[in-house]
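Enquirer: Pasting work.csv here (CSV, C-alpha atoms):
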```csv
chain,number,residue,atom,x,y,z
A,23,MET,CA,-66.4,-7.1,84.1
A,24,LYS,CA,-66.1,-9.2,87.2
A,25,ILE,CA,-69.6,-9.4,88.8
A,26,ALA,CA,-70.8,-11.0,92.0
A,27,ILE,CA,-74.4,-12.4,92.3
A,28,VAL,CA,-75.7,-12.7,95.8
A,29,GLY,CA,-78.4,-15.4,96.0
A,30,ALA,CA,-78.9,-18.6,93.9
A,31,GLY,CA,-82.6,-18.8,93.6
A,32,VAL,CA,-84.1,-18.7,90.1
A,33,ASN,CA,-83.6,-15.0,89.8
A,34,GLY,CA,-79.9,-15.2,90.9
A,35,LEU,CA,-79.1,-18.1,88.5
A,36,ALA,CA,-81.0,-16.6,85.6
A,37,THR,CA,-79.2,-13.3,86.1
A,38,ALA,CA,-75.8,-15.0,86.4
A,39,HIS,CA,-76.3,-16.9,83.2
A,40,GLU,CA,-77.5,-13.9,81.2
A,41,LEU,CA,-74.4,-11.9,82.4
A,42,LEU,CA,-72.2,-14.9,81.5
A,43,LEU,CA,-73.7,-14.9,78.0
A,44,ALA,CA,-72.9,-11.2,77.8
A,45,GLY,CA,-69.3,-11.8,78.4
A,46,HIS,CA,-68.9,-11.1,82.1
A,47,ASP,CA,-66.9,-13.0,84.7
A,48,VAL,CA,-69.6,-14.2,87.1
A,49,THR,CA,-69.5,-15.6,90.6
A,50,VAL,CA,-72.7,-16.7,92.5
A,51,PHE,CA,-72.7,-16.7,96.3
A,52,GLU,CA,-75.3,-18.8,98.1
A,53,ARG,CA,-75.7,-19.4,101.8
A,54,HIS,CA,-77.3,-22.8,101.3
A,55,ALA,CA,-75.6,-26.0,100.1
A,56,THR,CA,-77.0,-25.7,96.6
A,57,ALA,CA,-79.3,-23.5,94.5
A,58,ALA,CA,-83.1,-23.0,94.9
A,59,GLU,CA,-83.2,-23.9,98.6
A,60,ALA,CA,-85.4,-21.0,99.7
A,61,GLY,CA,-88.1,-19.1,97.8
A,62,SER,CA,-87.5,-21.2,94.6
A,63,PHE,CA,-87.7,-24.5,96.3
A,64,ALA,CA,-91.4,-25.5,95.9
A,65,PRO,CA,-93.6,-22.7,94.5
A,66,ALA,CA,-96.7,-23.5,92.4
A,67,GLY,CA,-94.7,-23.4,89.2
A,68,LEU,CA,-97.0,-21.1,87.3
A,69,LEU,CA,-95.4,-18.8,84.7
A,70,HIS,CA,-98.2,-17.8,82.2
A,71,ALA,CA,-98.2,-14.1,81.6
A,72,ALA,CA,-102.0,-13.9,81.8
A,73,TRP,CA,-102.0,-15.6,85.2
A,74,ALA,CA,-99.3,-13.2,86.4
A,75,LEU,CA,-101.2,-10.1,85.3
A,76,ALA,CA,-104.6,-11.0,86.5
A,77,TRP,CA,-104.6,-13.6,89.2
A,78,ALA,CA,-101.1,-14.1,90.8
A,79,GLU,CA,-101.3,-11.4,93.5
A,80,PRO,CA,-103.6,-12.0,96.5
A,81,GLN,CA,-106.8,-10.0,96.4
A,82,THR,CA,-106.5,-6.6,98.0
A,83,ARG,CA,-109.0,-7.3,100.8
A,84,LEU,CA,-107.6,-8.6,104.1
A,85,HIS,CA,-108.2,-11.7,106.1
A,86,LEU,CA,-107.8,-11.5,109.8
A,87,PRO,CA,-105.5,-13.9,111.7
A,88,TRP,CA,-108.3,-16.3,112.6
A,89,SER,CA,-109.7,-16.4,109.1
A,90,ALA,CA,-109.2,-19.4,106.9
A,91,GLN,CA,-106.6,-18.8,104.1
A,92,GLY,CA,-108.1,-17.8,100.8
A,93,ALA,CA,-107.5,-15.6,97.8
A,94,ALA,CA,-106.8,-12.5,100.0
A,95,LEU,CA,-103.8,-11.6,101.9
A,96,ARG,CA,-104.0,-12.7,105.6
A,97,TRP,CA,-102.6,-10.3,108.2
A,98,ARG,CA,-100.7,-12.1,111.0
A,99,PRO,CA,-100.0,-10.5,114.4
A,100,GLN,CA,-96.2,-10.7,113.9
A,101,ALA,CA,-96.5,-8.1,111.1
A,102,GLY,CA,-97.6,-5.5,113.8
A,103,TRP,CA,-99.1,-2.2,113.0
A,104,ALA,CA,-96.3,-1.4,110.6
A,105,GLY,CA,-97.4,-4.4,108.5
A,106,TRP,CA,-101.0,-3.1,108.6
A,107,ALA,CA,-99.8,0.3,107.3
A,108,TRP,CA,-97.6,-1.3,104.7
A,109,ARG,CA,-100.6,-3.3,103.4
A,110,ARG,CA,-102.7,-0.1,103.1
A,111,ARG,CA,-100.0,1.4,100.9
A,112,TRP,CA,-99.7,-1.7,98.8
A,113,ARG,CA,-103.5,-2.0,98.4
A,114,SER,CA,-103.7,1.6,97.2
A,115,ALA,CA,-100.7,1.3,94.8
A,116,THR,CA,-102.0,-2.0,93.3
A,117,ARG,CA,-105.4,-0.5,92.6
A,118,ARG,CA,-104.0,2.7,91.0
A,119,ARG,CA,-101.0,1.2,89.1
A,120,PRO,CA,-100.2,3.6,86.3
A,121,ALA,CA,-100.3,2.5,82.7
A,122,PRO,CA,-96.5,2.7,82.1
A,123,ALA,CA,-95.9,0.3,85.0
A,124,ARG,CA,-98.6,-2.1,83.8
A,125,GLN,CA,-97.0,-2.1,80.4
A,126,ALA,CA,-93.5,-2.6,81.7
A,127,LEU,CA,-94.7,-5.6,83.8
A,128,ALA,CA,-96.4,-7.1,80.7
A,129,ASP,CA,-93.3,-6.5,78.6
A,130,LEU,CA,-91.1,-8.2,81.2
A,131,LEU,CA,-93.4,-11.2,81.4
A,132,ALA,CA,-93.5,-11.6,77.7
A,133,LEU,CA,-89.7,-11.4,77.6
A,134,GLY,CA,-89.5,-13.9,80.4
A,135,GLN,CA,-91.6,-16.5,78.5
A,136,GLU,CA,-89.4,-16.0,75.4
A,137,ARG,CA,-86.1,-16.3,77.3
A,138,HIS,CA,-87.4,-19.3,79.3
A,139,ALA,CA,-88.2,-21.1,76.1
A,140,ASP,CA,-84.9,-20.1,74.4
A,141,LEU,CA,-82.7,-21.2,77.3
A,142,THR,CA,-84.6,-24.4,77.8
A,143,THR,CA,-84.0,-25.3,74.1
A,144,GLU,CA,-80.4,-24.0,73.8
A,145,LEU,CA,-79.2,-25.6,77.0
A,146,GLU,CA,-81.4,-28.7,76.8
A,147,LEU,CA,-82.8,-28.1,80.3
A,148,ASP,CA,-85.1,-31.2,80.5
A,149,HIS,CA,-87.5,-30.3,83.3
A,150,ASP,CA,-91.1,-31.0,84.2
A,151,ARG,CA,-93.4,-28.6,82.3
A,152,SER,CA,-96.8,-28.5,80.6
A,153,ASP,CA,-99.1,-26.2,78.7
A,154,GLY,CA,-102.4,-24.7,79.7
A,155,LEU,CA,-104.0,-23.4,82.9
A,156,LEU,CA,-107.7,-23.4,83.9
A,157,VAL,CA,-108.9,-20.6,86.2
A,158,LEU,CA,-112.0,-22.2,87.8
A,159,ALA,CA,-115.0,-20.3,89.0
A,160,SER,CA,-117.4,-22.1,91.3
A,161,ASP,CA,-120.2,-19.6,91.0
A,162,GLU,CA,-121.7,-17.3,88.3
A,163,ARG,CA,-120.4,-14.1,90.0
A,164,ARG,CA,-116.8,-15.2,90.0
A,165,PHE,CA,-117.2,-16.6,86.4
A,166,ALA,CA,-118.5,-13.2,85.1
A,167,GLN,CA,-115.6,-11.4,86.8
A,168,ALA,CA,-113.0,-13.8,85.3
A,169,ALA,CA,-114.6,-13.7,81.9
A,170,ALA,CA,-114.4,-9.9,81.9
A,171,ARG,CA,-110.7,-10.1,82.8
A,172,ALA,CA,-110.2,-12.5,80.0
A,173,ILE,CA,-111.5,-10.0,77.5
A,174,GLY,CA,-108.9,-7.4,78.6
A,175,LEU,CA,-106.1,-10.0,78.5
A,176,ARG,CA,-107.1,-11.1,75.1
A,177,GLU,CA,-107.0,-7.5,73.9
A,178,MET,CA,-103.3,-7.5,75.1
A,179,GLY,CA,-102.6,-10.3,72.6
A,180,LEU,CA,-102.6,-13.2,75.2
A,181,ALA,CA,-104.1,-16.6,74.4
A,182,VAL,CA,-107.0,-16.5,76.9
A,183,ARG,CA,-110.7,-17.3,76.6
A,184,ALA,CA,-113.7,-18.0,78.8
A,185,VAL,CA,-115.1,-21.5,78.5
A,186,SER,CA,-118.2,-23.2,79.8
A,187,ALA,CA,-118.1,-25.8,82.7
A,188,GLU,CA,-118.6,-28.5,80.1
A,189,GLU,CA,-115.7,-27.4,78.0
A,190,ALA,CA,-113.5,-27.0,81.1
A,191,ARG,CA,-114.1,-30.6,82.0
A,192,THR,CA,-113.1,-31.6,78.4
A,193,ILE,CA,-109.8,-29.7,78.8
A,194,GLU,CA,-109.2,-31.3,82.2
A,195,PRO,CA,-111.1,-34.6,82.1
A,196,ALA,CA,-110.1,-35.6,85.6
A,197,LEU,CA,-112.0,-32.6,87.2
A,198,ASN,CA,-114.4,-33.9,89.9
A,199,PRO,CA,-117.8,-34.0,88.2
A,200,SER,CA,-119.6,-33.2,91.5
A,201,ALA,CA,-117.5,-30.1,92.3
A,202,PRO,CA,-119.4,-26.9,91.7
A,203,LEU,CA,-118.2,-25.2,88.5
A,204,ALA,CA,-120.0,-22.3,86.7
A,205,GLY,CA,-117.3,-21.9,84.1
A,206,ALA,CA,-113.6,-21.2,83.7
A,207,VAL,CA,-111.0,-19.2,81.8
A,208,HIS,CA,-108.5,-21.2,79.8
A,209,LEU,CA,-104.9,-19.9,79.4
A,210,ALA,CA,-103.3,-21.6,76.4
A,211,GLY,CA,-99.5,-22.0,76.0
A,212,PRO,CA,-96.7,-22.7,78.4
A,213,ALA,CA,-98.1,-22.3,81.9
A,214,VAL,CA,-96.5,-24.7,84.4
A,215,ALA,CA,-92.9,-25.7,85.0
A,216,ASN,CA,-90.8,-27.0,87.8
A,217,CYS,CA,-88.9,-23.9,89.1
A,218,ARG,CA,-86.4,-25.7,91.3
A,219,GLU,CA,-85.6,-28.4,88.7
A,220,TRP,CA,-85.0,-25.7,86.1
A,221,THR,CA,-82.8,-23.6,88.4
A,222,LEU,CA,-80.6,-26.6,89.4
A,223,LEU,CA,-80.1,-27.4,85.7
A,224,LEU,CA,-79.2,-23.8,85.0
A,225,ARG,CA,-76.6,-23.9,87.7
A,226,GLN,CA,-75.0,-26.8,86.0
A,227,ALA,CA,-75.0,-25.0,82.7
A,228,LEU,CA,-73.5,-21.9,84.3
A,229,MET,CA,-70.6,-23.9,85.7
A,230,ARG,CA,-70.0,-25.6,82.4
A,231,GLY,CA,-69.9,-22.2,80.8
A,232,GLY,CA,-67.2,-21.0,83.1
A,233,GLY,CA,-69.3,-19.3,85.8
A,234,ARG,CA,-68.3,-19.8,89.5
A,235,PHE,CA,-70.7,-21.0,92.2
A,236,VAL,CA,-69.8,-20.7,95.8
A,237,ALA,CA,-72.1,-22.6,98.1
A,238,ARG,CA,-72.5,-22.4,101.9
A,239,GLN,CA,-71.3,-18.8,101.8
A,240,PRO,CA,-73.5,-16.2,103.4
A,241,ILE,CA,-72.6,-12.6,102.7
A,242,ALA,CA,-72.3,-10.2,105.6
A,243,ALA,CA,-71.9,-7.0,103.7
A,244,LEU,CA,-71.3,-5.3,100.4
A,245,GLU,CA,-68.7,-2.5,100.7
A,246,PRO,CA,-68.2,0.0,97.8
A,247,HIS,CA,-64.9,1.7,97.3
A,248,ASP,CA,-62.9,3.3,94.5
A,249,GLY,CA,-65.3,2.2,91.8
A,250,SER,CA,-65.5,-1.4,93.0
A,251,ILE,CA,-67.4,-3.6,95.4
A,252,ASP,CA,-66.0,-5.8,98.2
A,253,VAL,CA,-68.1,-8.8,99.0
A,254,VAL,CA,-67.5,-9.5,102.7
A,255,ALA,CA,-68.1,-12.9,104.4
A,256,PRO,CA,-69.1,-13.2,108.1
A,257,ASP,CA,-65.5,-14.1,109.0
A,258,GLY,CA,-64.2,-10.9,107.4
A,259,GLU,CA,-62.8,-12.5,104.2
A,260,ARG,CA,-63.5,-10.3,101.2
A,261,GLU,CA,-63.3,-10.4,97.5
A,262,THR,CA,-63.3,-7.4,95.1
A,263,PHE,CA,-65.7,-7.2,92.1
A,264,GLY,CA,-66.5,-4.5,89.6
A,265,ALA,CA,-70.2,-4.8,90.4
A,266,ALA,CA,-72.6,-6.8,92.5
A,267,VAL,CA,-76.2,-7.8,91.8
A,268,VAL,CA,-78.4,-8.5,94.8
A,269,CYS,CA,-80.9,-11.3,94.1
A,270,ALA,CA,-81.2,-12.6,97.6
A,271,GLY,CA,-84.9,-12.4,98.2
A,272,VAL,CA,-85.7,-11.8,101.9
A,273,ASP,CA,-82.0,-12.0,102.7
A,274,ALA,CA,-81.5,-8.7,100.7
A,275,ILE,CA,-82.9,-6.6,103.5
A,276,PRO,CA,-79.8,-6.6,105.8
A,277,LEU,CA,-77.5,-6.1,102.8
A,278,LEU,CA,-79.5,-3.0,101.7
A,279,GLN,CA,-79.6,-1.7,105.2
A,280,GLY,CA,-75.8,-2.1,105.5
A,281,LEU,CA,-75.5,0.1,102.4
A,282,GLY,CA,-77.6,2.8,103.9
A,283,LEU,CA,-80.6,1.9,101.8
A,284,ARG,CA,-84.0,1.8,103.4
A,285,SER,CA,-86.1,-1.3,103.3
A,286,PRO,CA,-89.7,-0.6,102.3
A,287,PHE,CA,-90.5,-4.2,101.8
A,288,ALA,CA,-92.7,-6.8,103.4
A,289,VAL,CA,-92.3,-10.6,103.6
A,290,TRP,CA,-95.1,-12.8,102.4
A,291,TRP,CA,-95.3,-16.4,103.4
A,292,SER,CA,-97.1,-19.2,101.4
A,293,HIS,CA,-97.4,-23.0,101.5
A,294,SER,CA,-97.3,-25.9,99.1
A,295,LEU,CA,-98.0,-29.6,99.3
A,296,SER,CA,-96.5,-32.1,96.9
A,297,ALA,CA,-97.6,-35.7,96.7
A,298,PRO,CA,-97.0,-38.7,94.5
A,299,MET,CA,-99.4,-39.1,91.6
A,300,ARG,CA,-101.8,-42.0,92.1
A,301,GLU,CA,-102.9,-42.5,88.5
A,302,PRO,CA,-102.0,-40.1,85.6
A,303,VAL,CA,-105.5,-40.3,84.2
A,304,ASP,CA,-106.9,-39.0,87.5
A,305,ALA,CA,-104.5,-36.0,87.7
A,306,PRO,CA,-104.6,-32.6,86.1
A,307,GLN,CA,-103.2,-32.5,82.6
A,308,SER,CA,-101.4,-29.3,83.5
A,309,GLY,CA,-102.8,-26.9,86.2
A,310,VAL,CA,-105.9,-25.3,87.6
A,311,LEU,CA,-106.4,-22.2,89.9
A,312,ASP,CA,-109.5,-22.3,92.2
A,313,LEU,CA,-110.6,-18.6,92.4
A,314,GLN,CA,-112.6,-19.2,95.6
A,315,SER,CA,-109.6,-20.5,97.7
A,316,GLY,CA,-106.8,-19.0,95.7
A,317,VAL,CA,-105.2,-22.5,95.6
A,318,THR,CA,-103.5,-23.9,92.5
A,319,VAL,CA,-103.2,-27.6,91.7
A,320,THR,CA,-100.5,-28.5,89.2
A,321,ARG,CA,-98.9,-31.5,87.7
A,322,LEU,CA,-95.2,-31.6,87.9
A,323,GLY,CA,-93.8,-34.8,86.4
A,324,HIS,CA,-95.1,-37.7,88.6
A,325,ARG,CA,-96.2,-35.5,91.4
A,326,VAL,CA,-99.2,-33.3,92.1
A,327,ARG,CA,-98.6,-30.0,93.9
A,328,ALA,CA,-101.2,-27.8,95.7
A,329,SER,CA,-100.1,-24.3,96.5
A,330,GLY,CA,-101.7,-21.1,97.9
A,331,GLY,CA,-102.5,-18.7,100.7
A,332,TRP,CA,-100.5,-15.6,101.5
A,333,ASP,CA,-99.7,-14.4,105.0
A,334,LEU,CA,-98.3,-10.9,105.8
A,335,GLY,CA,-96.1,-11.4,108.8
A,336,GLY,CA,-94.7,-14.6,110.4
A,337,ASP,CA,-91.4,-16.1,111.2
A,338,ALA,CA,-89.3,-18.8,109.5
A,339,GLY,CA,-90.4,-22.2,110.5
A,340,PRO,CA,-92.0,-25.4,109.3
A,341,ALA,CA,-95.2,-25.6,107.3
A,342,GLU,CA,-98.4,-25.0,109.3
A,343,LYS,CA,-100.6,-28.1,109.6
A,344,ALA,CA,-103.8,-26.2,109.1
A,345,ALA,CA,-102.5,-24.5,105.9
A,346,ILE,CA,-101.4,-27.9,104.5
A,347,ALA,CA,-104.7,-29.5,105.4
A,348,ARG,CA,-106.5,-26.7,103.4
A,349,LEU,CA,-104.3,-27.4,100.4
A,350,ALA,CA,-105.0,-31.1,100.5
A,351,GLN,CA,-108.7,-30.4,100.8
A,352,THR,CA,-108.8,-28.2,97.7
A,353,ALA,CA,-106.7,-30.7,95.7
A,354,SER,CA,-109.1,-33.4,96.7
A,355,LEU,CA,-112.1,-31.3,95.8
A,356,TRP,CA,-111.1,-30.9,92.2
A,357,PHE,CA,-109.0,-34.1,91.7
A,358,PRO,CA,-110.2,-36.6,94.3
A,359,ALA,CA,-108.1,-39.5,93.0
A,360,ALA,CA,-105.1,-37.6,91.7
A,361,ALA,CA,-102.5,-37.9,94.6
A,362,ARG,CA,-101.6,-40.1,97.4
A,363,LEU,CA,-102.2,-37.6,100.1
A,364,GLY,CA,-102.3,-40.3,102.8
A,365,GLY,CA,-98.8,-41.4,102.0
A,366,THR,CA,-95.8,-41.7,104.3
A,367,GLN,CA,-94.1,-38.5,105.5
A,368,SER,CA,-91.2,-39.2,103.2
A,369,ALA,CA,-93.5,-39.4,100.2
A,370,LEU,CA,-95.3,-36.1,101.0
A,371,GLN,CA,-93.5,-32.8,100.8
A,372,SER,CA,-94.9,-29.8,102.7
A,373,TRP,CA,-93.2,-26.5,102.3
A,374,ARG,CA,-93.5,-22.9,103.6
A,375,GLY,CA,-91.7,-20.3,101.7
A,376,ALA,CA,-91.2,-16.5,101.8
A,377,VAL,CA,-91.0,-13.9,99.1
A,378,LEU,CA,-90.1,-10.2,99.2
A,379,ALA,CA,-92.9,-7.8,98.2
A,380,SER,CA,-92.5,-4.1,97.4
A,381,PRO,CA,-95.1,-1.5,98.5
A,382,ASP,CA,-96.3,-1.0,94.9
A,383,GLY,CA,-96.3,-4.7,94.0
A,384,LEU,CA,-93.6,-4.3,91.3
A,385,PRO,CA,-90.1,-5.8,91.2
A,386,LEU,CA,-87.0,-3.7,91.6
A,387,VAL,CA,-84.8,-4.4,88.5
A,388,GLY,CA,-81.9,-2.0,87.9
A,389,ALA,CA,-79.2,0.1,89.5
A,390,SER,CA,-79.4,1.2,93.1
A,391,ARG,CA,-78.2,4.6,94.2
A,392,VAL,CA,-75.0,3.0,95.5
A,393,PRO,CA,-72.6,2.9,92.5
A,394,GLY,CA,-71.8,-0.6,91.4
A,395,VAL,CA,-74.7,-2.3,93.3
A,396,TRP,CA,-77.6,-3.5,91.2
A,397,LEU,CA,-80.9,-5.0,92.4
A,398,ASN,CA,-83.1,-7.8,91.0
A,399,ILE,CA,-85.5,-8.4,93.9
A,400,ALA,CA,-89.0,-8.1,95.3
A,401,HIS,CA,-90.7,-10.1,92.5
A,402,GLY,CA,-93.4,-11.2,95.1
A,403,PRO,CA,-95.5,-14.1,93.8
A,404,LEU,CA,-94.4,-13.5,90.2
A,405,GLY,CA,-90.9,-14.6,90.8
A,406,TRP,CA,-90.8,-17.6,88.5
A,407,ALA,CA,-92.8,-15.9,85.8
A,408,LEU,CA,-90.6,-12.8,85.9
A,409,ALA,CA,-87.2,-14.4,86.5
A,410,CYS,CA,-85.9,-14.9,82.9
A,411,GLY,CA,-87.2,-11.6,81.6
A,412,ALA,CA,-85.8,-9.6,84.5
A,413,ALA,CA,-82.5,-11.4,84.3
A,414,HIS,CA,-82.2,-10.7,80.5
A,415,HIS,CA,-83.2,-7.1,80.9
A,416,LEU,CA,-80.8,-6.4,83.8
A,417,ALA,CA,-77.9,-8.0,81.9
A,418,GLN,CA,-78.6,-5.8,78.9
A,419,THR,CA,-78.8,-2.8,81.1
A,420,ILE,CA,-75.5,-3.5,82.9
A,421,THR,CA,-73.7,-4.3,79.7
A,422,ASP,CA,-75.1,-1.5,77.5
A,423,GLU,CA,-76.1,1.0,80.2
A,424,GLY,CA,-79.2,1.8,78.1
A,425,ALA,CA,-82.5,3.1,79.3
A,426,SER,CA,-86.0,1.7,78.4
A,427,SER,CA,-89.6,2.0,79.4
A,428,ILE,CA,-89.0,-1.1,81.6
A,429,SER,CA,-86.0,0.5,83.3
A,430,SER,CA,-88.0,3.7,84.1
A,431,ALA,CA,-91.0,1.9,85.5
A,432,LEU,CA,-89.1,-0.8,87.6
A,433,SER,CA,-86.1,1.2,88.6
A,434,PRO,CA,-85.1,1.0,92.3
A,435,ALA,CA,-85.0,4.8,92.2
A,436,ARG,CA,-88.8,5.0,92.4
A,437,LEU,CA,-88.6,3.8,96.0
A,438,GLY,CA,-85.6,5.8,96.9
A,439,LEU,CA,-83.2,2.9,96.5
```
Let me see whether you can do it: turn the structure in this file into structure tokens.
Expert:
Amino acid sequence: MKIAIVGAGVNGLATAHELLLAGHDVTVFERHATAAEAGSFAPAGLLHAAWALAWAEPQTRLHLPWSAQGAALRWRPQAGWAGWAWRRRWRSATRRRPAPARQALADLLALGQERHADLTTELELDHDRSDGLLVLASDERRFAQAAARAIGLREMGLAVRAVSAEEARTIEPALNPSAPLAGAVHLAGPAVANCREWTLLLRQALMRGGGRFVARQPIAALEPHDGSIDVVAPDGERETFGAAVVCAGVDAIPLLQGLGLRSPFAVWWSHSLSAPMREPVDAPQSGVLDLQSGVTVTRLGHRVRASGGWDLGGDAGPAEKAAIARLAQTASLWFPAAARLGGTQSALQSWRGAVLASPDGLPLVGASRVPGVWLNIAHGPLGWALACGAAHHLAQTITDEGASSISSALSPARLGL
């Protein structure tokens, strides 16, 4: 089948490649000049399933606009009262997530880790990556909570264990000895990888394999007719496909509305700061998550990246200086000599990115109620961790038209889409 993919972030490219492997004729449309220019550009790079299940989403309590960014979601005035109501719905759904949905998410994450490893090996995608993540607790209360979560994750078969402060400093020798640390949870196995680098390499593999990539091509509309889908450009030019998969992140909202589908989503904004490594011995071996601030500090090749803080509401624009300063402060707290944070503007990379979040905190992976239109969107902060699993599952569903527990729990139909 001839299939259009709208959006060339990690979800779009992974979906396109899986469909190509399944024998479909694939075309990827991207409004930017190349792949991974929006939400996949500079995220933290975490993909461990235990992190995704236990610590990826912001805490359900709410920070007010004047609060410092932390591990909770911060409400911004631009979100309005509609954003406030959306957050209440999301908070309730997240706390009461049914067991089938939790299992579907865990299965998709496990599949994602497997597919990421397989594709990396088969396609020789040489990208920055490392094993192990430490979840750091600065006080006994947070450590007890994290250790309790570790028990549940271990019962699910994940390689997770609570460790003492001394053992944590052995795992990550460059941790600041004067930083307060009551203990940590260690997540073993593949945990950190460069999302943008991997996506760009996958784009090359897609084109080598016969896939088509159309850059600088925004999509104005998807128009179904007679069992096919027209992909319409802003100038009115159109191309007909047998099906279309929307993987466009926040850009999916106007496309869905044009199809008569409601948009129950919210946009979350986060920041990252990447800086050249000063000395490898002073940098993290892989990555750490500071539970108090919600900031992660990861090693990506010869750079150190600090990421964190989630805002509900806001407009597109440059990174906020206050948010970047907080990231630098946390990175310096745990690894004071790791990065050249005082470097030139060209050496430092600050980034503010958006993700699409659903009101139940789960992605939409499957057929929409518009024939021929499929969705792979709303991965929220789990985008990189879920990308390969969601893409593989969707490709199998499109090709075989089979149902599964994942299909039922994550179907767009649950939200009326």
Enquirer: Could you list, as a ChimeraX atom specification, every residue within 7 Å of Val50 (chain A), counting all atoms listed in the file and ignoring same-chain residues fewer than 5 positions away?
Expert: /A:26-30,234-236
Enquirer: Using all atoms listed in the file, which residues sit within 10 Å of Leu313 (chain A) once same-chain residues fewer than 5 positions away are excluded, as a VMD selection string?
Expert: chain A and resid 77 92 to 93 157 to 161 164 to 165 168 206 318
Enquirer: For Ala71 (chain A), which residue out of A:Leu41, A:Val289, A:Leu386, A:Ala128 is the nearest one, using all atoms listed in the file?
Expert: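 Nearest to Ala71 (chain A): A:Ala128.
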Enquirer: When you draw a straight line from CA of Arg113 (chain A) to CA of His208 (chain A), how long is it in Å?
Expert: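 For CA of Arg113 (chain A) relative to CA of His208 (chain A), the distance reads 27.2 Å.
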Enquirer: Could the residues of region 38-154 of chain A that have an atom at most 10 Å from region 368-380 of chain A be listed as JSON lines, each with its closest atom pair and the distance in Å to one decimal, counting all atoms listed in the file and ordered by chain and ascending residue number?
Expert:
```
{"residue": "A:Glu59", "atom": "CA", "partner": "A:Gly375", "partner_atom": "CA", "distance": 9.7}
{"residue": "A:Ala60", "atom": "CA", "partner": "A:Gly375", "partner_atom": "CA", "distance": 6.6}
{"residue": "A:Gly61", "atom": "CA", "partner": "A:Gly375", "partner_atom": "CA", "distance": 5.4}
{"residue": "A:Ser62", "atom": "CA", "partner": "A:Gly375", "partner_atom": "CA", "distance": 8.3}
{"residue": "A:Phe63", "atom": "CA", "partner": "A:Gly375", "partner_atom": "CA", "distance": 7.9}
{"residue": "A:Ala64", "atom": "CA", "partner": "A:Trp373", "partner_atom": "CA", "distance": 6.7}
{"residue": "A:Pro65", "atom": "CA", "partner": "A:Gly375", "partner_atom": "CA", "distance": 7.8}
{"residue": "A:Trp108", "atom": "CA", "partner": "A:Ser380", "partner_atom": "CA", "distance": 9.3}
{"residue": "A:Arg111", "atom": "CA", "partner": "A:Ser380", "partner_atom": "CA", "distance": 9.9}
{"residue": "A:Trp112", "atom": "CA", "partner": "A:Ser380", "partner_atom": "CA", "distance": 7.7}
```
Enquirer: For the residues selected in the previous step, produce a file with C-alpha atoms as a short mmCIF file (atom, residue, chain, number, x, y, z; two decimals), in the frame of the given file.
Expert:
```
data_model
loop_
_atom_site.label_atom_id
_atom_site.label_comp_id
_atom_site.auth_asym_id
_atom_site.auth_seq_id
_atom_site.Cartn_x
_atom_site.Cartn_y
_atom_site.Cartn_z
CA GLU A 59 -83.20 -23.90 98.60
CA ALA A 60 -85.40 -21.00 99.70
CA GLY A 61 -88.10 -19.10 97.80
CA SER A 62 -87.50 -21.20 94.60
CA PHE A 63 -87.70 -24.50 96.30
CA ALA A 64 -91.40 -25.50 95.90
CA PRO A 65 -93.60 -22.70 94.50
CA TRP A 108 -97.60 -1.30 104.70
CA ARG A 111 -100.00 1.40 100.90
CA TRP A 112 -99.70 -1.70 98.80
#
```
Enquirer: Need to verify the contact set: region 303-311 of chain A, 9 Å, all atoms listed in the file, exclusion of same-chain residues closer than 5 positions in sequence. Can you return it as a ChimeraX atom specification?
Expert: /A:68,77,151-159,193-197,213-214,316-322,326,356-361
Enquirer: Of the residues A:Leu35, A:Pro202, A:Thr49, A:Ala123, which is the one nearest to Thr262 (chain A), using only C-alpha atoms?
Expert: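 Going through A:Leu35, A:Pro202, A:Thr49, A:Ala123 one by one, the smallest distance to Thr262 (chain A) is for A:Thr49.
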Enquirer: Could you check which of A:Gly405, A:Pro256, A:Pro340, A:Gly264 is closest to Gly31 (chain A), using only C-alpha atoms?
Expert: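 Using only C-alpha atoms, Gly31 (chain A) sits closest to A:Gly405.
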Enquirer: Need the shell around Ala55 (chain A): protein/DNA/RNA residues with any atom at most 9 Å away, counting all atoms listed in the file. Skip same-chain ones fewer than 2 positions apart. Format as a list in words?
Expert: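 Skipping anything fewer than 2 positions along the chain leaves Glu52, Arg53, Ala57, Glu59, Val236, Ala237, Arg238 and Gln239 of chain A.
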